[in-house]
Structures are given as structure tokens and as C-alpha cells.
Amino acid sequence: MESVQWKVEGMTCANCALTIRKYLENQGQQNIKVNPIDGEVSFELVEGVSTESLKKGIHDLGYLVAGKGESTENIARPWLYNHFRRFLFCLPFTAILMLHMLHNWLQWHWLMNPWIQLALCLPVYIVGMQFFGKSAVKSLRNGMPNMNVLVALGATSAFIYSLVGSLLDLGPDYLFYETAATIITLVFLGNHMEDASVASTQKALQKLASSQKVMANMIAFDDQHQEVVFPIENTQLKVGDLLLIKTGEQIPIDCRILSGEGEVSEALLTGESIPVRKQPKDTLIGGSLMENGVVKAMVTATGDDTVLSNILRMVRQAQGEKPPVQLLADKISAIFVPVVIGLAILTLAGNWIFLGDFTQALMRSIAVLVISCPCAMGLATPAAIAVGLGRGARNGILYRNATSLENFRNIRQVVFDKTGTLTTGKFRIASFQILDKNLTEESFKQLVFSLEKYSNHPIARSVSAQWKMKQDIRWKNVEEIKGRGMKAVDAAGDVYTAGSYQTTHTQLTETRHSVYVSKNDVLIGVIDLEDELREEVPQMIRSLKANGIRTVLLSGDHQERCQKMAAELGIDEVFAEQSPAQKLEKIETLNKKIPTAMVGDGINDAPALAKATIGISLSEASEIAMQSAHVVLMQHGLRKLPEALGLGKHTYLTIKQNLFWAFFYNIIAIPIAAFGFLVPGMAALAMGLSDVVLAANSLRLYVKKIT
């Protein structure tokens, strides 16, 4: 199936998202994701349905649609296309209408004329119905009534009641044109405030996105084979193009340094302010900043394949996911509008019977219609999720979906792999022992270097790098014994091996050494290596323990080495010498006891990462480990792990706060309006402010201390 990605403009709340989702479902589309925060819509197109017909259907629902690579800015639209412009248009008419209440003081008795009031109200009512009325009718036709139904009903009730009063000349007590105009004007203002508040929850992503389109200095060659540097937009670059990047310039796109050195700030992507030293063969991430230095680099990725594009795509997809806590709010929002209409009818009937005054009863029922806000319930979760994911992306923490973000609230235990996770994956020689008395230290090192230089194994590379020398032994034959070590034959026919204990056929009393060196099956030396511990690990472990999180080391390494590291770091429990299958089994067992996060980086960790409540991978991990993980920590190892855990917990707390206030607001506000303590105009303003309050509470996540 073809995947379709659209940008839809005009979604004002989660009910709008539900309307679009239901329309696409009715058209048979699959895997539909609709994000009311940034207007992203994605789905899988079924055969026999054209995208143009779907676009037209969504346009008929009252929304603007732009396909991938297009912009809604290029779509023709009327002058009154947004809430702020509609508010500005309606404000003068409404302000003059409101002055009729002061006619005795102003001596503007002409404002009491019903036909003048009608003339002032009519432009506001027409503009209001072009938006609220049209949207209400289309949502009802689609079987998913939205909040505009309530606004349209309230304003139309006041307008028609006033129009009947004017036609029958029933007097000023039957004129409520200012009520109809005030409802429409103030709801436009509230919607504008809501849009501005919700848009601010996207600021972290917008800052990332703004870095995608910049100018680059491309290197080319003229007909004299001389270098020529000329500016070009980074969207025009191709893989293999050469770039010149100077001090103070933004890295235009993902590339690899060919020559030169520099200090690069990756704060935009990782939240880390300390510049990173870069030299030839190092990669540069598009969007980072060259703080000092000049380099020549080759483009390695463009378009959707860049690191920044992948980050943005991952975060937007996560925003479109619905965490479990959102399901209740969605169900309530779907039935909320019919329930409110029912409550408004009860308010009208009850007050008319109790007060004996239809006018008062009508005003109270209109206030009930207008004060009710399904938007607040619908936005409670998306707003918090948008801020949580945005802050994570800004600080180098990528959540693959919103459910992962929510699930962090339960994590009470973190399991770590050892090599490449708690350690850098680089080894250093801790000690060595020469068992052949005829060998000097220099000749032993030469022998080991001459063997290990031919291997790509991490241990072999570390040994050969530390014992590197100009003079090496010329072997008659050399080969790598897969998974065990190196074997070589010299000119005299002697056979040498260097590798695990399995490479030597002598009887060993212990197998704890890292490298065993033998000559003609006689052991001549052993080498012990130590993993280099990541510098951030001790502080990270202390932070987790301070927050009451239990730590576990789960590794395939030797028991003795694992126990030593656990004792050094204060890790609570150790499971050593575990195969990938055993790791998976152990994670399943631990998960059954308490919700568990697993942190790993290798191919052998992938099954366990997928099985854990939360699988966490490092950005330098193997591709399969990153794909299996629910969360990816970008750069700087495990430094961000406590923040990832804290952000998940506090995002869920913010969602609960938002849902509480959304429900509490309606539970309190509707009775207040029903008993006449809130006039329709104030109800309209209060309705808009409720969404602003939720957005403001969500924005607290940007600055809130979470660790």
C-alpha cells in the first residue's frame, strides 16, 4: 500500500482530528494517524481510491490539505481565513452593539432601534456561520459533532430570538443581538488564543525544523582543475558533493570530514552545550554548528535520510500515536456534544418552568452551550505529549511512540548490558604475563601486534593500537579463526595463535584472561584487558538509585569482571555469562515482577530490548538494537537516561493534571451557567481560556525540573 502524508490546516481541537479520522476510516483507509497539534495526517492508501477525492472530502469538511512537499501557504484562501482576522472583523460591530447598554449615559438612543442592532449583528453572524455553522453542519453529517455545533446553536438561538422580537415588535426585552455577536467574536478570540498556545508547544520541533533549510558552500572544480566555492541551498545537494564549512557556520547537511579539524556544537540535537572535537573521518550532523575550525567534508545523506529528518519524523509519528490514557478522553469527547445539547434543553425547560420566564431560560441554556468545552478534554493529552516529545528531541532523547513516554511512569528497575553500554566498547591493556623465559617484553609485544593487526575484533584492534610498532613479523601464512582469534605460520614453520582460551590446546586451569598467546600449542603469554567505563556512568547510577530505581547488570561477560564492575558502581544485582536467549528469558522474568527498562547496544541485545517494558538504545548502537528499542539516547552515552525517565513520568503527571482540570472545568462551569451565574458572552470567553490554561500547564514541562 502507498503511504500518504498530508498537512491539514484548520484542525482546532481533538474533535476535528476525530472527524478527519472517521472520514478516512469510512473511505476504507488504513493505519490512520491524525495529530491535532501540528496538523500532520498519515495513512495507507487502499487501491481504487484517489488522493484527490480524499482531499476534496476533507476540504468539504472545512479543512485545507497539502500533500508531501507542498505547503498550505500556496493554497488560495479568503481574507478571513484565520481566527484572528475573523475576530478583528467582528470586533467593531460587536463593540458598538455592546454600547446600547450605556444608551442612557451616552444619549445614543438610536442604538435601541432593533433594525440598527440587526444591521450591526448581521455581518458578525454571517462570518460566524460561515465558519462555525458550516463546520457544525459538516460534522453532524459525518456523524461526529464537534464543539462548533454548540457555538452555532448558541449564537443562532440568540439571533433568531432577537429577529422574532424585531419582526413582532416585542420591545427591547426580546433583543439579544449583542449576545449573538459577543458569542461569535469572543469564541474567535478564544480560538486564536488556543491556536497560539498550542503552537507554542511545538517550539522545540520548530527550532529543529528551521535548521533543515540553509545555504552551503559547495566545492567544485573549474576547467583548470582549480577549486571553486559557491553558495547553494542544502536541499540541492547530493550524496558525494564536497563542502567547505568554516567557523560560525551551521553544518548544512550530514557529511564526513575529509580534511581539517574543528569544534562542533551539537546542542540543537543533544542539548549538550560543550563542543565536540571533530577530525578527519568523523561524521557531522546537519543542523549542528561549527564553533571553531575549517573543514572540507563529503555529503553522506540528504533529504529524509538525514539524522535531523529522522528525528523530526520519529517525533511527529510519536505525537500522532494515542497513549492508553487518551482513550477515555476520546470516548467522552465523542459523546460530549450530544450530552451538552441534552443538558441545554433540560436547562431551558427547567428554568422556564421554575422562573416562568422564557427569555431568562433561553439565555441560561445558551450559556450552557457556549461554556462547554470538549476541546479541553481532547487537547489535554496531545498538548502534554507534544511538549514532552519536543523537550526530549531538543535534549537528544527520542521516543518512538507516545506509549513509551507514558510507560516510563511505572519503571522501577533498569537493566544494563555491559560492553558498549556501561563501557565505551574500547579496551585498554590492564596487565600481561610472559610465560616463555626466552621472550623479552619487546619481542612479545611485537609478536602479539603482528598477529592482532590483521583482525577487526574490538579486543584485537585495542591491543594492536596500544602496542603498535613499525617493525612487525612477516608471516608465511595468517588467518582468522572465526569468533576465537588469529593464527599465523612464520618462515620457520612455527604456528602462533592469539585469541580466546579456545585457541590453545593446552590444559588450562582457568579461563579468565582476555587473550591467550601460544606457540606450537604451548602457552607463552596471557593478556588481561579492561573495558573503559563511560565517564557519565557513576553519576547516572547514583541518580537512578536516589530516585528509588533498582539497577541490574545483565551481560555475556565473565562473572568475575561483572561482579567487580557492579561492586564499583553500586549496581544491585548481576547476571553474567548470559547468551542472547538467556538475556531474553531473564528480561521476561524480571518484567513479571516489576516494570523494567533495558539498556543495550548490540545485536545480541535486540530481543531483550524489544521484550522489556521500555527498551533503551544508544545512538551509536547497532542498527538492529536501535530498531528494537522504544527510546534512543542521542550522543553522550547514558548521561540523558535519568532525564528520559523523569520526562516520561512528568509528562504522564501533566496529562493527568490536564484531564483533571478539563473534566473539573466542565463539571463546575455547566451548573454555574445553568443557574444563571454566567452570561453567554462571558461563557464564550471562559470557554476559550480553558484551552489556554491547559496549554500553559503543558508548557511548564519545558522548564520543569524532572530529575
# chains A, B, ... in the order shown; residues from 1 in each chain; ligands from 1
call {"tool": "select_by_dssp", "arguments": {"residues": "segment 226-306 of chain A", "states": "strand (DSSP E or B)", "output": "VMD selection string"}}
result
chain A and resid 227 to 233 242 to 245 250 255 to 265 276 to 278 283 to 284 289 to 299
call {"tool": "write_last_selection", "arguments": {"atoms": "C-alpha atoms", "output": "tab-separated table (two decimals), in the first residue's frame"}}
result
chain	number	residue	atom	x	y	z
A	227	GLU	CA	38.80	24.58	-6.61
A	228	VAL	CA	35.80	26.92	-6.82
A	229	VAL	CA	33.50	27.51	-3.86
A	230	PHE	CA	29.97	28.76	-4.48
A	231	PRO	CA	26.81	29.01	-2.34
A	232	ILE	CA	23.99	26.54	-2.85
A	233	GLU	CA	20.84	25.66	-0.89
A	242	LEU	CA	32.09	18.33	-1.41
A	243	LEU	CA	31.55	21.13	1.11
A	244	LEU	CA	33.63	23.79	2.82
A	245	ILE	CA	32.47	24.54	6.38
A	250	GLN	CA	25.84	25.77	10.52
A	255	CYS	CA	28.60	14.76	5.99
A	256	ARG	CA	32.01	13.21	6.78
A	257	ILE	CA	35.20	15.23	7.29
A	258	LEU	CA	37.86	14.67	4.63
A	259	SER	CA	40.40	17.19	5.91
A	260	GLY	CA	40.69	19.76	8.68
A	261	GLU	CA	39.59	19.78	12.30
A	262	GLY	CA	37.03	21.72	14.29
A	263	GLU	CA	34.93	22.03	17.43
A	264	VAL	CA	31.25	21.41	16.77
A	265	SER	CA	28.28	22.29	18.98
A	276	VAL	CA	32.73	18.12	20.40
A	277	ARG	CA	36.15	17.83	18.78
A	278	LYS	CA	35.89	16.57	15.18
A	283	THR	CA	30.71	12.49	10.89
A	284	LEU	CA	28.98	15.87	11.14
A	289	LEU	CA	27.25	24.43	14.49
A	290	MET	CA	30.95	24.71	13.63
A	291	GLU	CA	32.12	26.83	16.57
A	292	ASN	CA	35.80	26.80	15.66
A	293	GLY	CA	37.73	25.39	12.73
A	294	VAL	CA	37.60	24.91	8.96
A	295	VAL	CA	36.92	21.54	7.34
A	296	LYS	CA	36.30	20.02	3.96
A	297	ALA	CA	33.62	17.36	4.05
A	298	MET	CA	31.67	15.00	1.78
A	299	VAL	CA	27.86	14.76	1.89
call {"tool": "residues_around", "arguments": {"residues": "Val414 of chain A", "least_positions_apart": "5", "cutoff": "7 Å", "atoms": "only C-alpha atoms", "output": "list of chain:residue names"}}
result
A:Arg550, A:Thr551, A:Val552, A:Thr596, A:Ala597, A:Met598
call {"tool": "write_last_selection", "arguments": {"atoms": "C-alpha atoms", "output": "PDB file, in the first residue's frame"}}
result
ATOM      1  CA  ARG A 550      16.787  -0.673  41.190  1.00  0.00           C
ATOM      2  CA  THR A 551      19.755  -1.427  38.881  1.00  0.00           C
ATOM      3  CA  VAL A 552      20.743  -4.772  37.315  1.00  0.00           C
ATOM      4  CA  THR A 596      11.659  -2.982  33.716  1.00  0.00           C
ATOM      5  CA  ALA A 597      13.678  -0.837  31.324  1.00  0.00           C
ATOM      6  CA  MET A 598      16.530  -2.497  29.421  1.00  0.00           C
TER       7      MET A 598
END
call {"tool": "closest_residue", "arguments": {"among": "A:Ala301, A:Leu189, A:Ile116, A:Val693", "to": "Ser166 of chain A", "atoms": "only C-alpha atoms"}}
result
A:Ile116
call {"tool": "closest_residue", "arguments": {"among": "A:Ser455, A:Val387, A:Val65, A:Tyr652", "to": "Leu701 of chain A", "atoms": "only C-alpha atoms"}}
result
A:Val387
call {"tool": "residues_around", "arguments": {"residues": "segment 514-531 of chain A", "least_positions_apart": "5", "cutoff": "10 Å", "atoms": "only C-alpha atoms", "output": "compact mmCIF listing (two decimals) with N, CA and C atoms, in the first residue's frame"}}
result
# COMPACT_ATOMS: atom_id res chain seq x y z
N LYS A 418 26.61 -4.66 29.52
CA LYS A 418 27.91 -4.14 29.98
C LYS A 418 28.71 -3.52 28.83
N THR A 419 29.22 -4.37 27.93
CA THR A 419 30.13 -3.90 26.89
C THR A 419 29.41 -3.03 25.87
N GLY A 420 29.91 -1.81 25.70
CA GLY A 420 29.31 -0.88 24.75
C GLY A 420 28.17 -0.08 25.32
N LEU A 422 27.53 0.28 29.41
CA LEU A 422 28.18 0.90 30.57
C LEU A 422 29.63 1.25 30.24
N THR A 423 30.18 0.53 29.28
CA THR A 423 31.55 0.82 28.84
C THR A 423 31.52 1.42 27.44
N THR A 424 32.64 1.95 27.01
CA THR A 424 32.70 2.60 25.69
C THR A 424 32.83 1.59 24.57
N GLY A 425 33.15 0.31 24.93
CA GLY A 425 33.42 -0.68 23.89
C GLY A 425 34.88 -0.66 23.47
N LYS A 426 35.64 0.28 24.04
CA LYS A 426 37.08 0.34 23.79
C LYS A 426 37.79 -0.32 24.98
N PHE A 427 38.83 -1.08 24.69
CA PHE A 427 39.54 -1.81 25.74
C PHE A 427 40.94 -1.23 25.94
N ARG A 428 41.43 -1.35 27.17
CA ARG A 428 42.82 -0.98 27.44
C ARG A 428 43.50 -2.17 28.12
N ILE A 429 44.77 -2.31 27.87
CA ILE A 429 45.53 -3.42 28.46
C ILE A 429 45.78 -3.12 29.93
N ALA A 430 45.23 -3.98 30.79
CA ALA A 430 45.40 -3.78 32.23
C ALA A 430 46.69 -4.44 32.72
N SER A 431 47.00 -5.64 32.19
CA SER A 431 48.22 -6.35 32.59
C SER A 431 48.51 -7.46 31.58
N PHE A 432 49.74 -7.96 31.60
CA PHE A 432 50.08 -9.10 30.75
C PHE A 432 51.18 -9.90 31.45
N GLN A 433 51.30 -11.17 31.07
CA GLN A 433 52.28 -12.07 31.70
C GLN A 433 52.94 -12.90 30.61
N ILE A 434 54.29 -12.88 30.60
CA ILE A 434 55.05 -13.66 29.62
C ILE A 434 55.46 -14.97 30.29
N LEU A 435 55.06 -16.11 29.72
CA LEU A 435 55.33 -17.43 30.31
C LEU A 435 56.56 -18.10 29.70
N ASP A 436 57.03 -17.61 28.55
CA ASP A 436 58.22 -18.15 27.90
C ASP A 436 59.42 -17.29 28.30
N LYS A 437 60.39 -17.90 29.03
CA LYS A 437 61.53 -17.15 29.55
C LYS A 437 62.46 -16.66 28.44
N ASN A 438 62.35 -17.24 27.25
CA ASN A 438 63.21 -16.83 26.14
C ASN A 438 62.70 -15.57 25.43
N LEU A 439 61.49 -15.14 25.79
CA LEU A 439 60.87 -13.97 25.15
C LEU A 439 61.09 -12.71 25.99
N PHE A 444 57.67 -10.00 22.73
CA PHE A 444 56.31 -10.49 22.98
C PHE A 444 55.29 -9.51 22.41
N LEU A 447 55.25 -9.74 18.65
CA LEU A 447 54.55 -10.95 18.21
C LEU A 447 53.03 -10.74 18.26
N VAL A 448 52.55 -10.22 19.37
CA VAL A 448 51.10 -10.01 19.54
C VAL A 448 50.59 -8.98 18.54
N LEU A 451 50.19 -10.36 15.04
CA LEU A 451 49.01 -11.22 14.88
C LEU A 451 47.71 -10.41 14.87
N ILE A 459 38.65 -6.37 20.62
CA ILE A 459 39.78 -6.65 21.51
C ILE A 459 41.09 -6.60 20.73
N ALA A 460 41.11 -7.23 19.57
CA ALA A 460 42.32 -7.25 18.74
C ALA A 460 42.72 -5.85 18.31
N SER A 462 42.06 -3.06 19.84
CA SER A 462 42.55 -2.31 21.01
C SER A 462 43.99 -2.69 21.33
N VAL A 463 44.29 -3.99 21.28
CA VAL A 463 45.65 -4.46 21.58
C VAL A 463 46.64 -3.94 20.54
N ARG A 484 37.20 -16.72 17.52
CA ARG A 484 38.16 -17.21 18.52
C ARG A 484 39.43 -16.37 18.56
N GLY A 485 40.05 -16.10 17.40
CA GLY A 485 41.28 -15.33 17.40
C GLY A 485 42.05 -15.47 16.11
N MET A 486 43.38 -15.22 16.17
CA MET A 486 44.24 -15.23 14.99
C MET A 486 45.22 -16.41 15.04
N LYS A 487 45.56 -16.89 13.84
CA LYS A 487 46.53 -17.99 13.70
C LYS A 487 47.48 -17.65 12.55
N ALA A 488 48.80 -17.84 12.80
CA ALA A 488 49.79 -17.50 11.76
C ALA A 488 50.95 -18.50 11.79
N VAL A 489 51.63 -18.62 10.64
CA VAL A 489 52.78 -19.50 10.49
C VAL A 489 53.96 -18.66 10.02
N GLY A 493 58.15 -22.22 10.08
CA GLY A 493 57.10 -23.23 10.19
C GLY A 493 56.46 -23.30 11.57
N ASP A 494 56.85 -22.42 12.48
CA ASP A 494 56.22 -22.38 13.81
C ASP A 494 54.82 -21.77 13.70
N VAL A 495 53.88 -22.35 14.47
CA VAL A 495 52.48 -21.89 14.44
C VAL A 495 52.19 -21.08 15.70
N TYR A 496 51.71 -19.85 15.49
CA TYR A 496 51.39 -18.95 16.61
C TYR A 496 49.89 -18.64 16.60
N THR A 497 49.29 -18.53 17.78
CA THR A 497 47.88 -18.13 17.90
C THR A 497 47.74 -17.06 18.97
N ALA A 498 46.73 -16.22 18.80
CA ALA A 498 46.38 -15.21 19.82
C ALA A 498 44.87 -15.06 19.78
N GLY A 499 44.24 -15.28 20.93
CA GLY A 499 42.78 -15.17 20.97
C GLY A 499 42.24 -15.67 22.29
N SER A 500 41.02 -16.21 22.25
CA SER A 500 40.39 -16.71 23.47
C SER A 500 41.06 -18.01 23.91
N TYR A 501 40.67 -18.50 25.07
CA TYR A 501 41.27 -19.74 25.59
C TYR A 501 41.02 -20.92 24.66
N GLN A 502 40.03 -20.80 23.76
CA GLN A 502 39.72 -21.89 22.84
C GLN A 502 40.76 -22.06 21.74
N THR A 503 41.65 -21.05 21.58
CA THR A 503 42.66 -21.13 20.51
C THR A 503 43.86 -21.98 20.92
N THR A 504 44.01 -22.20 22.23
CA THR A 504 45.14 -23.01 22.69
C THR A 504 44.66 -24.40 23.11
N HIS A 505 45.44 -25.42 22.77
CA HIS A 505 45.04 -26.80 23.07
C HIS A 505 45.69 -27.32 24.35
N THR A 506 46.38 -26.45 25.06
CA THR A 506 46.99 -26.85 26.33
C THR A 506 45.93 -26.91 27.42
N GLN A 507 46.22 -27.67 28.46
CA GLN A 507 45.28 -27.81 29.59
C GLN A 507 45.35 -26.54 30.43
N LEU A 508 44.20 -25.80 30.52
CA LEU A 508 44.18 -24.55 31.28
C LEU A 508 43.52 -24.76 32.63
N ARG A 561 34.47 -10.37 36.21
CA ARG A 561 34.57 -8.99 35.73
C ARG A 561 33.27 -8.23 35.97
N MET A 565 32.73 -4.83 38.38
CA MET A 565 32.14 -3.57 37.92
C MET A 565 30.91 -3.21 38.74
call {"tool": "closest_residue", "arguments": {"among": "A:Ser162, A:Asn146, A:Gln29, A:Thr707", "to": "Gly48 of chain A", "atoms": "only C-alpha atoms"}}
result
A:Gln29
call {"tool": "atom_distance", "arguments": {"atom1": "atom CA of Val124 of chain A", "atom2": "atom CA of Pro172 of chain A"}}
result
20.2 Å
call {"tool": "closest_residue", "arguments": {"among": "A:Gln559, A:Thr247, A:Thr381, A:Asn217", "to": "Ala695 of chain A", "atoms": "only C-alpha atoms"}}
result
A:Thr381
call {"tool": "decode", "arguments": {"residues": "segment 450-475 of chain A", "atoms": "N, CA and C atoms", "output": "CSV table (one decimal), in the first residue's frame"}}
result
chain,number,residue,atom,x,y,z
A,450,SER,N,51.8,-8.2,15.6
A,450,SER,CA,51.9,-8.8,14.3
A,450,SER,C,50.7,-9.7,14.0
A,451,LEU,N,50.2,-10.4,15.0
A,451,LEU,CA,49.0,-11.2,14.9
A,451,LEU,C,47.7,-10.4,14.9
A,452,GLU,N,47.6,-9.6,15.9
A,452,GLU,CA,46.3,-8.9,16.1
A,452,GLU,C,46.0,-7.8,15.1
A,453,LYS,N,47.0,-7.3,14.4
A,453,LYS,CA,46.8,-6.2,13.4
A,453,LYS,C,45.9,-6.6,12.2
A,454,TYR,N,45.8,-8.0,12.0
A,454,TYR,CA,45.0,-8.5,10.9
A,454,TYR,C,43.5,-8.7,11.3
A,455,SER,N,43.2,-8.5,12.5
A,455,SER,CA,41.8,-8.8,13.0
A,455,SER,C,41.0,-7.5,13.2
A,456,ASN,N,39.7,-7.6,12.9
A,456,ASN,CA,38.8,-6.5,13.2
A,456,ASN,C,38.0,-6.6,14.5
A,457,HIS,N,38.3,-7.6,15.3
A,457,HIS,CA,37.6,-7.8,16.5
A,457,HIS,C,38.0,-6.6,17.5
A,458,PRO,N,37.0,-6.1,18.3
A,458,PRO,CA,37.3,-4.9,19.1
A,458,PRO,C,38.5,-5.2,20.1
A,459,ILE,N,38.7,-6.4,20.6
A,459,ILE,CA,39.8,-6.6,21.5
A,459,ILE,C,41.1,-6.6,20.7
A,460,ALA,N,41.1,-7.2,19.6
A,460,ALA,CA,42.3,-7.3,18.7
A,460,ALA,C,42.7,-5.8,18.3
A,461,ARG,N,41.7,-5.0,17.9
A,461,ARG,CA,42.0,-3.7,17.5
A,461,ARG,C,42.6,-2.9,18.6
A,462,SER,N,42.1,-3.1,19.8
A,462,SER,CA,42.6,-2.3,21.0
A,462,SER,C,44.0,-2.7,21.3
A,463,VAL,N,44.3,-4.0,21.3
A,463,VAL,CA,45.7,-4.5,21.6
A,463,VAL,C,46.6,-3.9,20.5
A,464,SER,N,46.3,-4.1,19.3
A,464,SER,CA,47.2,-3.7,18.2
A,464,SER,C,47.4,-2.2,18.2
A,465,ALA,N,46.4,-1.4,18.6
A,465,ALA,CA,46.5,0.1,18.7
A,465,ALA,C,47.5,0.5,19.8
A,466,GLN,N,47.4,-0.2,20.9
A,466,GLN,CA,48.3,0.2,22.1
A,466,GLN,C,49.7,-0.3,21.9
A,467,TRP,N,49.9,-1.4,21.2
A,467,TRP,CA,51.2,-2.0,21.1
A,467,TRP,C,51.7,-1.8,19.6
A,468,LYS,N,51.2,-0.8,18.9
A,468,LYS,CA,51.6,-0.6,17.6
A,468,LYS,C,53.1,-0.3,17.4
A,469,MET,N,53.8,-0.9,16.4
A,469,MET,CA,55.2,-0.6,16.2
A,469,MET,C,55.5,-0.7,14.7
A,470,LYS,N,56.6,-0.1,14.3
A,470,LYS,CA,57.0,-0.1,12.9
A,470,LYS,C,57.4,-1.5,12.4
A,471,GLN,N,58.2,-2.2,13.2
A,471,GLN,CA,58.7,-3.5,12.8
A,471,GLN,C,57.8,-4.6,13.2
A,472,ASP,N,57.2,-5.3,12.2
A,472,ASP,CA,56.4,-6.4,12.6
A,472,ASP,C,56.9,-7.7,11.9
A,473,ILE,N,56.4,-8.8,12.3
A,473,ILE,CA,56.8,-10.1,11.7
A,473,ILE,C,56.1,-10.4,10.4
A,474,ARG,N,56.9,-10.8,9.4
A,474,ARG,CA,56.3,-11.2,8.1
A,474,ARG,C,55.9,-12.7,8.2
A,475,TRP,N,54.6,-12.9,8.1
A,475,TRP,CA,54.2,-14.3,8.2
A,475,TRP,C,54.1,-15.0,6.9
